[in-house]
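Q: What follows is a single structure, and I will ask about it in a moment.
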Amino acid sequence: MTKKQLPLDELSGAIGRILGLLLTEEKVDHAVQNLSQAIKESVPGTIGAGVSILDSQARRTSTGFTDSIVEQADHLQYELGQGPCLTAWASEESVIISDVRTDPRWPEWSAAVSTLPIRSVVSAPLMANGHSIGAIKIYASEPSVFDAAAVSLMDLYASPAATLLAHIQSTETPKRISEGLQLALHSRDLVNRACGILMERHKITHERALQQLILQARNKSQSLQEVSAELVAGIPADRN
Amino acid sequence: MGFDNNEPEQRRRLQAALSGAGITTGTLWLQYFSIGGSVGEYEVEAYLQGMLSLPELERDLLAMAANELSNSGPGPHAPYSDEFPLDAPRETDSTEDGPASP
């Protein structure tokens, strides 16, 4: 989870895990790698497969591929800012190319990969919670290798894969953890400040103060946080 | 050292409230932490398993956390310690009454 043993890191880790946001990078890379291999083996004629996870600026955050050809073809897409996977990701629709050499849609990328044994491509977007988080792709060395059935197969793969991979978007995760952490700490802080007020007001222990807050919350059918917020804001609480 | 008289019953009913509302231990702990609870998640887990005794205040905070999370839904409510008669030792209930002897 974390290498540093600072209490705050431990807390972020605990909260991230509870909110379901944490998978280690190692697990992710492994999963992405295995997924690529499974895709390659299950679509006939495929010479290489890959998975890319992108952030909202189309930067790759994780990748997996089965062969160096896939790595090169992918790399060129992100370098040139164009290519079937970026289109699949951006348009949120699957892309099929019957022949890279005659398809006019990505001229620069097509020219750049002309030295690689890549003629047919299918790429499907990874959709999680209505957002596109990346794409999976397969390549073949001959034209017209893939048909509509291959596209359907890729779509089938993409759906559960996206759901799983959505949990590891490393760029988003810290933000979501710190939101959860902030909420928890804010609430806890509020309750403790309210306790402090009661302790001073009634000369009681922290424990008794917290007990009184619980009682007030129950009597008023409010949450402990609401009762504390009122007390801190100076709204006269029932004195007792 | 054993449990307070009403602790097993309070714990059992907390568990019933949690499963009734589908609340996980992690979620319960986060809410409990948010309202000032002071024991760790593992201790809460151990308490729920009946392996650890917690002070009354922490038990009530757990009940409060569970009730806040279930938002007075249809499931059973998690009781507070003052909802039990003061000295009516109930040794009647459930499989385990005592802690795994310390």
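In the structure tokens, chains take the letters A, B, ... in the order shown, each chain's residues start at 1, and ligands count up from 1 in the order shown.
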For chain B, list the residues within 6 Å of chain A, counting only C-alpha atoms, and write the list as number ranges by chain.

A: B: 26, 34-36

Q: Restricting it to C-alpha atoms, dump the selection as a short mmCIF file (atom, residue, chain, number, x, y, z; two decimals), in the first residue's frame.

A:
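Saved to again_30.cif:
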```
data_model
loop_
_atom_site.label_atom_id
_atom_site.label_comp_id
_atom_site.auth_asym_id
_atom_site.auth_seq_id
_atom_site.Cartn_x
_atom_site.Cartn_y
_atom_site.Cartn_z
CA GLY B 26 -14.65 -0.73 6.44
CA SER B 34 -15.49 10.55 11.19
CA ILE B 35 -17.59 11.09 14.30
CA GLY B 36 -14.68 10.84 16.70
#
```

Q: I'd like the neighbourhood of segment 69-75 of chain B as a PyMOL selection string, where a residue qualifies if any of its atoms comes within 8 Å (using only C-alpha atoms), though same-chain residues fewer than 3 positions away should be ignored.

A: chain B and resi 17-18+20-21+23+28+31+65-66

Q: Excluding Glu43 of chain B and its own-chain neighbours fewer than 5 positions away, which residues fall within 12 Å of it when counting only C-alpha atoms? Please give them as an MDAnalysis selection string.

A: chainID B and resid 25:26 29 37:38 48:55 58:59 62

Q: With a distance cut-off of 7 Å and only C-alpha atoms, select the neighbouring residues of segment 162-164 of chain A, excluding the residue or stretch itself and same-chain residues fewer than 3 positions from it, and output the selection as JSON, numbers by chain.

A: {"A": [126, 127, 128, 158, 159, 167]}

Q: If you keep C-alpha atoms, can you produce a file of those selected residues as a short mmCIF file (atom, residue, chain, number, x, y, z; two decimals), in the first residue's frame?

A:
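New file out16.cif:
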```cif
data_model
loop_
_atom_site.label_atom_id
_atom_site.label_comp_id
_atom_site.auth_asym_id
_atom_site.auth_seq_id
_atom_site.Cartn_x
_atom_site.Cartn_y
_atom_site.Cartn_z
CA LEU A 126 -12.83 0.84 -22.30
CA MET A 127 -15.97 2.35 -20.85
CA ALA A 128 -16.38 2.61 -17.08
CA ALA A 158 -13.85 -4.27 -22.98
CA SER A 159 -16.82 -4.04 -20.66
CA HIS A 167 -10.21 1.29 -10.03
#
```

Q: Quick one: residues within 6 Å of Asp60 of chain B, only C-alpha atoms counted, chain neighbours fewer than 3 positions away excluded, as a list of chain:residue names?

A: B:Leu57, B:Ala63, B:Tyr80

Q: I need the residues of segment 33-214 of chain A that end up classed as helix (DSSP H, G or I) by DSSP on the backbone, written out as a ChimeraX atom specification.

A: /A:33-42,68-80,84-91,107-112,148-168,173-202,206-214

Q: Can you pull out the residues contacting Ile96 of chain A? Cut-off 8 Å, using only C-alpha atoms, and skip same-chain residues under 3 positions away; I want them as a PyMOL selection string.

A: chain A and resi 84+120-123+146+151

Q: Limited to N, CA and C atoms, could you put the picked residues into a file as a PDB file, in the first residue's frame?

A:
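Output (again.pdb):
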```
ATOM      1  N   PRO A  84      -6.066   4.682 -34.425  1.00  0.00           N
ATOM      2  CA  PRO A  84      -7.349   4.023 -34.142  1.00  0.00           C
ATOM      3  C   PRO A  84      -7.705   3.960 -32.648  1.00  0.00           C
ATOM      4  N   SER A 120      -4.319  -5.079 -40.371  1.00  0.00           N
ATOM      5  CA  SER A 120      -5.680  -5.029 -39.831  1.00  0.00           C
ATOM      6  C   SER A 120      -5.629  -4.637 -38.358  1.00  0.00           C
ATOM      7  N   VAL A 121      -6.613  -3.833 -37.967  1.00  0.00           N
ATOM      8  CA  VAL A 121      -6.662  -3.377 -36.577  1.00  0.00           C
ATOM      9  C   VAL A 121      -8.110  -3.348 -36.090  1.00  0.00           C
ATOM     10  N   VAL A 122      -8.314  -3.763 -34.855  1.00  0.00           N
ATOM     11  CA  VAL A 122      -9.581  -3.470 -34.183  1.00  0.00           C
ATOM     12  C   VAL A 122      -9.235  -2.832 -32.843  1.00  0.00           C
ATOM     13  N   SER A 123      -9.933  -1.750 -32.495  1.00  0.00           N
ATOM     14  CA  SER A 123      -9.737  -1.149 -31.189  1.00  0.00           C
ATOM     15  C   SER A 123     -11.102  -0.849 -30.582  1.00  0.00           C
ATOM     16  N   PHE A 146      -9.882  -9.138 -39.591  1.00  0.00           N
ATOM     17  CA  PHE A 146     -10.935  -9.020 -38.582  1.00  0.00           C
ATOM     18  C   PHE A 146     -12.268  -8.654 -39.211  1.00  0.00           C
ATOM     19  N   VAL A 151     -15.003  -7.603 -33.741  1.00  0.00           N
ATOM     20  CA  VAL A 151     -15.345  -6.358 -33.049  1.00  0.00           C
ATOM     21  C   VAL A 151     -16.250  -6.654 -31.850  1.00  0.00           C
TER      22      VAL A 151
END
```

Q: Would you mind writing down, as a CSV table (one decimal) with N, CA and C atoms, in the first residue's frame, each residue of segment 13-239 of chain A that DSSP on the backbone assigns to strand (DSSP E or B)?

A:
```
chain,number,residue,atom,x,y,z
A,48,GLY,N,-0.7,-9.5,-32.3
A,48,GLY,CA,-0.3,-8.7,-31.1
A,48,GLY,C,-1.6,-8.0,-30.5
A,49,ALA,N,-1.6,-7.9,-29.2
A,49,ALA,CA,-2.7,-7.1,-28.6
A,49,ALA,C,-2.2,-6.2,-27.5
A,50,GLY,N,-3.0,-5.2,-27.2
A,50,GLY,CA,-2.5,-4.3,-26.2
A,50,GLY,C,-3.7,-3.6,-25.5
A,51,VAL,N,-3.4,-3.0,-24.3
A,51,VAL,CA,-4.3,-2.3,-23.5
A,51,VAL,C,-3.7,-1.0,-23.2
A,52,SER,N,-4.4,0.1,-23.3
A,52,SER,CA,-3.9,1.4,-22.9
A,52,SER,C,-5.0,2.0,-22.0
A,53,ILE,N,-4.5,2.6,-20.9
A,53,ILE,CA,-5.4,3.4,-20.0
A,53,ILE,C,-4.9,4.8,-20.1
A,54,LEU,N,-5.9,5.7,-20.4
A,54,LEU,CA,-5.5,7.1,-20.6
A,54,LEU,C,-6.2,8.0,-19.6
A,60,ARG,N,-1.1,8.4,-21.5
A,60,ARG,CA,-1.2,7.0,-21.1
A,60,ARG,C,-0.8,6.9,-19.6
A,61,THR,N,-1.6,6.2,-18.8
A,61,THR,CA,-1.2,6.0,-17.4
A,61,THR,C,-0.8,4.5,-17.2
A,62,SER,N,-1.3,3.6,-18.0
A,62,SER,CA,-0.8,2.2,-17.9
A,62,SER,C,-0.9,1.6,-19.3
A,63,THR,N,0.0,0.7,-19.6
A,63,THR,CA,-0.1,0.0,-20.8
A,63,THR,C,0.3,-1.4,-20.7
A,64,GLY,N,-0.3,-2.3,-21.5
A,64,GLY,CA,0.2,-3.6,-21.6
A,64,GLY,C,0.1,-4.1,-23.0
A,65,PHE,N,1.1,-4.9,-23.4
A,65,PHE,CA,1.1,-5.3,-24.8
A,65,PHE,C,1.8,-6.7,-24.8
A,95,VAL,N,-13.4,0.8,-33.4
A,95,VAL,CA,-12.9,1.1,-34.7
A,95,VAL,C,-12.3,-0.2,-35.3
A,96,ILE,N,-12.6,-0.3,-36.6
A,96,ILE,CA,-12.1,-1.5,-37.3
A,96,ILE,C,-11.4,-0.9,-38.6
A,97,ILE,N,-10.2,-1.4,-38.8
A,97,ILE,CA,-9.5,-1.1,-40.0
A,97,ILE,C,-9.2,-2.4,-40.8
A,120,SER,N,-4.3,-5.1,-40.4
A,120,SER,CA,-5.7,-5.0,-39.8
A,120,SER,C,-5.6,-4.6,-38.4
A,121,VAL,N,-6.6,-3.8,-38.0
A,121,VAL,CA,-6.7,-3.4,-36.6
A,121,VAL,C,-8.1,-3.3,-36.1
A,122,VAL,N,-8.3,-3.8,-34.9
A,122,VAL,CA,-9.6,-3.5,-34.2
A,122,VAL,C,-9.2,-2.8,-32.8
A,123,SER,N,-9.9,-1.7,-32.5
A,123,SER,CA,-9.7,-1.1,-31.2
A,123,SER,C,-11.1,-0.8,-30.6
A,124,ALA,N,-11.3,-1.2,-29.3
A,124,ALA,CA,-12.5,-1.0,-28.6
A,124,ALA,C,-12.3,-0.1,-27.4
A,125,PRO,N,-13.2,0.8,-27.1
A,125,PRO,CA,-13.0,1.7,-26.0
A,125,PRO,C,-13.3,1.0,-24.7
A,126,LEU,N,-12.6,1.4,-23.6
A,126,LEU,CA,-12.8,0.8,-22.3
A,126,LEU,C,-13.7,1.8,-21.6
A,127,MET,N,-15.0,1.4,-21.4
A,127,MET,CA,-16.0,2.4,-20.9
A,127,MET,C,-16.3,2.0,-19.4
A,128,ALA,N,-16.0,2.9,-18.5
A,128,ALA,CA,-16.4,2.6,-17.1
A,128,ALA,C,-17.2,3.8,-16.5
A,131,HIS,N,-17.6,6.8,-18.7
A,131,HIS,CA,-16.4,7.5,-19.1
A,131,HIS,C,-15.5,6.5,-19.9
A,132,SER,N,-14.9,7.1,-20.9
A,132,SER,CA,-13.9,6.3,-21.6
A,132,SER,C,-12.6,6.4,-20.9
A,133,ILE,N,-12.0,5.3,-20.5
A,133,ILE,CA,-10.7,5.3,-19.7
A,133,ILE,C,-9.6,4.8,-20.5
A,134,GLY,N,-9.8,4.3,-21.8
A,134,GLY,CA,-8.7,3.8,-22.5
A,134,GLY,C,-9.2,3.0,-23.7
A,135,ALA,N,-8.4,2.1,-24.2
A,135,ALA,CA,-8.8,1.3,-25.3
A,135,ALA,C,-8.0,-0.1,-25.3
A,136,ILE,N,-8.6,-1.1,-25.9
A,136,ILE,CA,-7.9,-2.3,-26.1
A,136,ILE,C,-7.8,-2.5,-27.6
A,137,LYS,N,-6.7,-3.1,-28.1
A,137,LYS,CA,-6.6,-3.2,-29.5
A,137,LYS,C,-5.9,-4.5,-29.9
A,138,ILE,N,-6.2,-4.9,-31.2
A,138,ILE,CA,-5.5,-6.1,-31.7
A,138,ILE,C,-5.0,-5.7,-33.1
A,139,TYR,N,-3.9,-6.3,-33.5
A,139,TYR,CA,-3.3,-6.1,-34.8
A,139,TYR,C,-3.1,-7.4,-35.5
A,140,ALA,N,-3.2,-7.4,-36.8
A,140,ALA,CA,-2.9,-8.5,-37.6
A,140,ALA,C,-2.0,-8.1,-38.8
```

Q: Under the rule that only C-alpha atoms are counted, which of A:Thr46, A:Thr102, A:Gln77, A:Thr66 is the nearest residue to His30 of chain A?

A: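 With only C-alpha atoms as the atom set, the closest residue is A:Thr66.
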